[in-house]
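Taking it in order: structure first as C-alpha cells, then the write-up.
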Amino acid sequence: MQMHSLAFDISHTLAGGLVLISFMMLYQDRLTSLLNVFALHALVLALSVAWQAYIQDAPHLYVTAVIALVFKALVIPVGLHRIVKRLGIHRDIESAVGIGPTMLAGMGLVALSMVLMLRVTADADPLAREDLAFALSVVLLGLLVMVTRRNAVSQVVGFMSLENGLVLAATGAKGMPLVVEISVAFSILIAFIVIGIFLFRIRERFDSVDVSALDDFRGERR
Amino acid sequence: MMSAVALQMVGVAGLLGLAVLAIVLSRSKFATAVIYGATMVICLAALAGALRWLLGGPVDATGLVLPVGLPWLGAHFRMDALAAFFLVVVNLGGAAASLYGLGYGRHESSPHRVLPFFPAFLAGMNLVVLADDAFSYLLCWEFMSLASWALVMAHHREAGNARAGYIYLVMASFGTLALLLAFGLLAGPAGDYGFAAIRNTPHTPNVAILVLILMLLGAGSKAGLLPLHVWLPLAHPAAPSHVSALMSGVMTKVAIYGFIRVVFDLLGQPTWPASVIVLGLGSITAVMGILYAMMESDLKRLLAYSTIENIGIIFVSLGLALAFQANGQKLPAALAFTAALFHVLNHSFFKSLLFFGAGALLTATGERDMDRLGGLIHRMPLTSFVVLIGCVAISALPPFNGFVSEWLIFQAVLQSPGLPQWALKIMVPAVGAMLALAAALAAACFVKMFGVTFLGRPRSPAAETAVEVDRYSLAAMSILAALCLLAGILPGPVMDALSPVAVEMTGGRLPVQAHAPWLSIVPISESRGSYNGLLVMVFIAISASLAVFFIHRFASHALRRGPAWGCGFPDSVPAAQYSGASFAQPIRRVFGTLLFNARDHVEMPAPGDTRPARLRIELHDLIWEWLYQPLAGAVGYAADRLNALQFLTIRRYLSLVFATLVTLLLVLAIWS
C-alpha cells in the first residue's frame, strides 16, 4: 500500500511538526523566543518542501525550499532580531489573551480544520488530504497569533507563519507552478520590508510599537 | 451594403459624437441649434431605417458583434421586428423632442447641462433596444439611466430636484440589480449571456416565475409600475420639458421593451399564474396612477402620474397576451399583444405632445401650477388647440388613437371566456372593469387639466400676459397631434405594421387589416366587432357641422353680452373660479378617504377675528408612508448601528476577519 510507505510517514511527520511549532508560537511571550520559534517553523517548512520535491520528483520545489530556508529561516528572523534590538523591546513581555484559552482555541481550530478538510476532500489523494488539513491548521493558528498579540512585530510573525501554511498547502498538491511560489515569497519579503519601515515610523512617533498606542492616538475606546 | 443593425449603430455613434461635440461647443451661442438640429436629423434617419425594416419585411437578420465590453464576449447587437418597432418609438419621440428643443432650448438657463446628455440619452435608449446579450443590455440600460439622471439634475438648484435625482438614482440602481439577478437566472449555470443562447435554454417553471417577478421589479421600476413608481412623478417633471417628454413617452417604453424581450422572447412558453401577477399589478397601477393624477395640481406631475396609468394599461394588455399565450390561444394573444404595442405607440405620441404643451405653458408663463393659470385659450390659441387634441386622445375618445388601442384591449378582454382557468375567467372581466374605471377617471382628469388651465379667467398676472410660443415648439406639437389623429382614423395600417412583431413574439397572426372594407379594423372577425375610425370622424364632423349650422340658422345671430351668473358670489374675482382641487373634490370624497387618507379641514377663525376661514385638504401618499418610509428608516437604523464598525482597533478588525473565517468554515463543516 502506498498509504503507509515511508515517504508518506515522513511528509506526514514534517507537516505535523509544522502544526506543533505553530502551537509553540502561541505560548511564547517574549519576542526573541518567538522569533526563534518562527525560524524553526521556517526550517521545518523548508525540510517539508524539500521532501515533497524528492518524492514528487519535482526539482523546481527545491528552489522553493531554498527560498524558504534562506529568506524565512535566516534573513527575516535575523532582520527582525535586529529590529527588536534596535527598538529595545527584546525584553518585553506581552500577552493580550491568556495562554490557556489561546491553546484551547488553537486545539479547536486544528480539530475544525481536520474535520472539514478530511470530509471535503474525501476522494483526493490521501497525502494531499493530510497535507491540506495540516496546512489549514497552520493558517488558522497563524491568524490566531495575529489576533492574540498586541505587538506589531509579533503580528508580523503571525502573518508570516500563516504564509508558511499557504506554501505547505501549495507544495502538497502536485503540479503547482514555481512562478506562483516565487511571487508569493517575494510579496512576503516586500510586506516584511514595508512593515519594517512602518515599525520604525510608528516607533519614531509614539516611542512604542505596541499598536494600542495608535488607538490611543486616534482617541478611541478599547 | 451595411446591414440594418450596422446602420442603426452608425446613428448611435453619431449621437454619441454629438454628445462630445456639445461639450466642445457648450459656450457657443449656436450650440443649441446645432445639437438639436443634428440630433433631429440622425433620429429621422434612424426612424427611416427602422420603419423600412418594419414595413418592408425583414431586410436581414444578421447581428453585429463589436469588440468592446468583456474581452472574450464582445458586445452583440441585433435587430428584429420587436427591436425595429421600439426603435420607431424611440426615434420618433427623439426627433419630435429635438424639433421642440430647437425652440424650447433657447429659453434654457444652463444649456451646457442639457445639451451633452440629450443625444447621449437617445443613444442609450437606441442601444438598449438593439442589445443582444445580457451584458451589453445591462451596460446600455445603466448608460441610459445615468444620462437621464444627469438630465433630471440639469436644474439641480431648484427646490426638490436634488431629492428627485437621489430617489431616481436609488430606484434605478435597485431596478438594475433586479435585472442583473434576472439575467443571472436566465443564463443559468452554463453562464452564456448571449440572448440567442438564453432563448434556446429551457427554463423550469420556478425559474420562469422568479424571472418574471424580477423583471416586474427591474423593468417595472423604470416603467413606473406600482409600488415602484415613487421616483417617476418626482424625476420626470424635474427635467426640462422636452426631456420629460422623452422620459415619460419613450424611456418608460424602453422598460416595457425589456419586459417583453425577456418574458415573451427569452423565457419561452409562459404559465398562466404569471399572467395573474401581471394583470393584477397592471390594473392596480392603472387605477391608482390616474387617481394620483386626479389629486395633482402641478401640470407636469399630473402628466407623470398619468404615465403611470398608461403603463398600467399596457401591462394589463401584456398580461392578457400572457394568459392567452399560456393556453396556446395564439390569435387572442396576438390581439392583446398588438393592442399593447399600439398603446405604447399612442402613449408616446400624446404624452410627448402633452409634456410639450406643459413646457410651452412653462415658457409662456413660468408656471407649472394649474391653479395659477387659466384663460390661456385666448392668449395661446394654437397651443391650446393641440393640447386639446392630446387631452382628447389620452382620454380615449374617438376618433383619436387612444380610443383605438383601448378598444383593442377591450376586444382582448372580451375573448376571456375562452380561457380554461376559472381564476382567469373571473379575473379578466374584473380587470376590464378596472380599466374602464381608469379610462373614465382619465377623461375626468384631463377635462380638469384642460378646463382649469385653458378656460375660465387668468388666475395670475403671468397667465394674463402670456404670449404664444415659438414656431418650432408649435411645429413639434402639431406633428404629434396630426399623428394622434392619423393613427386614430387609419388604425388598419398601424396594426398591419405591428403584425410582424406579434408574429415574432406570440406566433399568432391577426387578419390583414388592409383587406377589410372601408378602412375598418376587424381584429378577430366581423361578428366579434369592428371599428372604423374614419367613419366615426366623418360622422362627428357632419353632426357637429349640422349642429353649428342649425344653431346659427335658427338661433339669434346677434352676439349678446350679459352678466354671467356668479354662483352667488357678488364679486367674482378670478380666484373664486372652479379650481383643480374643487374639480377633483367629488372623486376625492369617493376614493380619497380610503386610498389617500384624505381629510378636509375647515379652519374657522374665532368670533371677532377678521381672518378668512380656510379650507385645508390633507392628503397622504400611503405607499410612500407605509412602504418607503419604514424601509428608509430601517436602512438608516442599520447604517447607524454599523457605523461603529468604522472605528475599531486593528486587532478587532483582525478578530472580525478571523471570526468570519472560522464561522464560515464551521458552517461548511456542519452542512457539507
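Here, A, B, ... name the chains of the C-alpha cells in the order displayed, residue numbers run from 1 inside each chain, and ligands are numbered from 1 in the same displayed order.
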
Practice item. Could you list, as a list in words, the residues of chain A having an atom within 7 Å of chain B when counting only C-alpha atoms? Key: Val115, Leu116, Leu143, Val147 and Asp215 of chain A

Once DSSP has gone over the backbone, tell me which residues of segment 43-233 of chain B are in strand (DSSP E or B), as an mmCIF file with N, CA and C atoms, in the first residue's frame.
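This is the output file result.cif:
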data_model
loop_
_atom_site.group_PDB
_atom_site.id
_atom_site.type_symbol
_atom_site.label_atom_id
_atom_site.label_comp_id
_atom_site.auth_asym_id
_atom_site.auth_seq_id
_atom_site.Cartn_x
_atom_site.Cartn_y
_atom_site.Cartn_z
ATOM 1 N N LEU B 64 -24.558 41.935 -35.030
ATOM 2 C CA LEU B 64 -23.317 42.687 -35.133
ATOM 3 C C LEU B 64 -22.572 42.469 -33.818
ATOM 4 N N VAL B 65 -21.313 42.093 -33.913
ATOM 5 C CA VAL B 65 -20.521 41.903 -32.701
ATOM 6 C C VAL B 65 -19.445 42.967 -32.678
ATOM 7 N N LEU B 66 -19.475 43.786 -31.651
ATOM 8 C CA LEU B 66 -18.440 44.807 -31.510
ATOM 9 C C LEU B 66 -17.398 44.316 -30.522
ATOM 10 N N ALA B 75 -19.604 42.720 -27.633
ATOM 11 C CA ALA B 75 -20.940 43.262 -27.432
ATOM 12 C C ALA B 75 -21.784 42.891 -28.647
ATOM 13 N N HIS B 76 -22.873 42.166 -28.405
ATOM 14 C CA HIS B 76 -23.718 41.717 -29.507
ATOM 15 C C HIS B 76 -24.887 42.668 -29.701
ATOM 16 N N PHE B 77 -25.170 42.991 -30.933
ATOM 17 C CA PHE B 77 -26.338 43.819 -31.252
ATOM 18 C C PHE B 77 -27.072 43.149 -32.398
ATOM 19 N N ALA B 131 -29.462 45.823 -28.109
ATOM 20 C CA ALA B 131 -28.534 44.898 -27.453
ATOM 21 C C ALA B 131 -29.006 43.464 -27.590
ATOM 22 N N ASP B 133 -27.057 40.783 -25.981
ATOM 23 C CA ASP B 133 -26.593 39.909 -24.910
ATOM 24 C C ASP B 133 -26.789 40.644 -23.593
ATOM 25 N N GLY B 194 -25.416 35.454 -24.038
ATOM 26 C CA GLY B 194 -25.994 35.878 -25.307
ATOM 27 C C GLY B 194 -27.489 35.573 -25.330
#

Review point. How many Å lie between atom CA of Val573 of chain B and atom CA of Thr363 of chain B, rounded to one decimal?
Key: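 So the two atoms, atom CA of Val573 of chain B and atom CA of Thr363 of chain B, lie 25.6 Å apart.
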
Exercise for review: Could you pull out the residues in segment 13-147 of chain A that DSSP calls alpha helix (DSSP H) from the backbone, as a PyMOL selection string?
Suggested key: chain A and resi 13-26+31-56+60-67+76-87+99-120+126-147

Check your understanding: Hey, can you check how far atom CA of Leu228 of chain B sits from atom CA of Trp626 of chain B?
Key -> 13.1 Å

**Study point:** Contacts of Gly529 of chain B within 12 Å, only C-alpha atoms, excl. fewer than 2 positions in-chain, as a list in words
**Key:**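 So, after excluding close chain neighbours, the residues are Trp407, Leu408, Phe410, Gln411, Ala412, Leu414, Gln415, Ser520, Ile521, Val522, Pro523, Ile524, Ser525, Glu526, Ser527, Tyr531 and Asn532 of chain B.
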
With N, CA and C atoms retained, could you export that selection as a compact mmCIF listing (two decimals), in the first residue's frame?
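Written out: part_24.txt:
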# COMPACT_ATOMS: atom_id res chain seq x y z
N TRP B 407 -59.82 50.26 -27.27
CA TRP B 407 -60.86 49.40 -27.84
C TRP B 407 -60.30 48.02 -28.13
N LEU B 408 -59.09 47.96 -28.67
CA LEU B 408 -58.47 46.67 -28.96
C LEU B 408 -58.24 45.88 -27.67
N PHE B 410 -60.01 46.09 -24.97
CA PHE B 410 -61.29 45.55 -24.52
C PHE B 410 -61.73 44.39 -25.40
N GLN B 411 -61.40 44.43 -26.70
CA GLN B 411 -61.69 43.27 -27.54
C GLN B 411 -60.98 42.03 -27.01
N ALA B 412 -59.74 42.24 -26.55
CA ALA B 412 -59.00 41.10 -25.99
C ALA B 412 -59.64 40.65 -24.69
N LEU B 414 -62.69 40.75 -24.00
CA LEU B 414 -63.92 40.02 -24.34
C LEU B 414 -63.62 38.60 -24.82
N GLN B 415 -62.37 38.30 -25.13
CA GLN B 415 -62.02 36.93 -25.51
C GLN B 415 -61.83 36.04 -24.30
N SER B 520 -61.86 49.81 -42.23
CA SER B 520 -62.24 49.37 -40.89
C SER B 520 -61.11 48.54 -40.31
N ILE B 521 -61.19 48.31 -38.98
CA ILE B 521 -60.32 47.28 -38.43
C ILE B 521 -61.20 46.18 -37.87
N VAL B 522 -60.83 44.94 -38.19
CA VAL B 522 -61.57 43.77 -37.75
C VAL B 522 -60.58 42.84 -37.09
N PRO B 523 -60.36 42.98 -35.76
CA PRO B 523 -59.27 42.23 -35.14
C PRO B 523 -59.45 40.72 -35.20
N ILE B 524 -60.64 40.21 -34.92
CA ILE B 524 -60.80 38.75 -34.94
C ILE B 524 -61.73 38.36 -36.08
N SER B 525 -62.97 38.79 -36.01
CA SER B 525 -63.90 38.52 -37.09
C SER B 525 -64.98 39.58 -37.05
N GLU B 526 -65.70 39.71 -38.17
CA GLU B 526 -66.72 40.75 -38.30
C GLU B 526 -67.76 40.63 -37.19
N SER B 527 -68.12 39.36 -36.83
CA SER B 527 -69.18 39.19 -35.84
C SER B 527 -68.71 39.57 -34.44
N TYR B 531 -64.29 48.31 -36.06
CA TYR B 531 -64.28 49.73 -35.75
C TYR B 531 -63.76 50.47 -36.96
N ASN B 532 -64.39 51.58 -37.26
CA ASN B 532 -63.94 52.38 -38.40
C ASN B 532 -63.73 53.81 -37.94

Practice item. Identify, on the basis of only C-alpha atoms, every residue whose closest approach to Asp600 of chain B does not exceed 9 Å; exclude the query and any residue fewer than 5 positions from it along the same chain; express the result as number ranges by chain. Key: B: 615-619

Restrict the selected residues to N, CA and C atoms and save them as a PDB file, in the first residue's frame.
ATOM      1  N   LEU B 615     -59.988  76.441   4.010  1.00  0.00           N
ATOM      2  CA  LEU B 615     -60.231  75.013   3.797  1.00  0.00           C
ATOM      3  C   LEU B 615     -58.879  74.369   3.509  1.00  0.00           C
ATOM      4  N   ARG B 616     -58.523  73.417   4.339  1.00  0.00           N
ATOM      5  CA  ARG B 616     -57.228  72.758   4.143  1.00  0.00           C
ATOM      6  C   ARG B 616     -57.491  71.303   3.796  1.00  0.00           C
ATOM      7  N   ILE B 617     -56.824  70.837   2.739  1.00  0.00           N
ATOM      8  CA  ILE B 617     -57.007  69.442   2.326  1.00  0.00           C
ATOM      9  C   ILE B 617     -55.769  68.661   2.733  1.00  0.00           C
ATOM     10  N   GLU B 618     -56.008  67.559   3.422  1.00  0.00           N
ATOM     11  CA  GLU B 618     -54.891  66.741   3.886  1.00  0.00           C
ATOM     12  C   GLU B 618     -54.884  65.459   3.057  1.00  0.00           C
ATOM     13  N   LEU B 619     -53.766  65.208   2.366  1.00  0.00           N
ATOM     14  CA  LEU B 619     -53.657  64.003   1.534  1.00  0.00           C
ATOM     15  C   LEU B 619     -52.406  63.255   1.963  1.00  0.00           C
TER      16      LEU B 619
END

Review point. So which one's closest to Met117 of chain A, A:Pro59, A:Gly100, A:Ala169, A:Lys72? Using only C-alpha atoms, please.
Key: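 The closest residue to Met117 of chain A is A:Ala169.
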
Practice item. May I ask for the distance between atom CA of Val602 of chain B and atom CA of Ala444 of chain B, given in Å to one decimal place? Key: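 Computing the Euclidean distance for atom CA of Val602 of chain B and atom CA of Ala444 of chain B yields 25.8 Å.
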
Practice item. Considering only C-alpha atoms, state which residue in the set A:Ala15, A:Leu61, A:Ala42, A:Leu104 is at the smallest distance from Val75 of chain A. Key: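 Smallest distance to Val75 of chain A is found for A:Ala42.
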
Review point. Using only C-alpha atoms, which of the listed residues (B:Thr176, B:Thr663, B:Thr252, B:Gln585) sits closest to Gly224 of chain B?
Key: B:Thr252
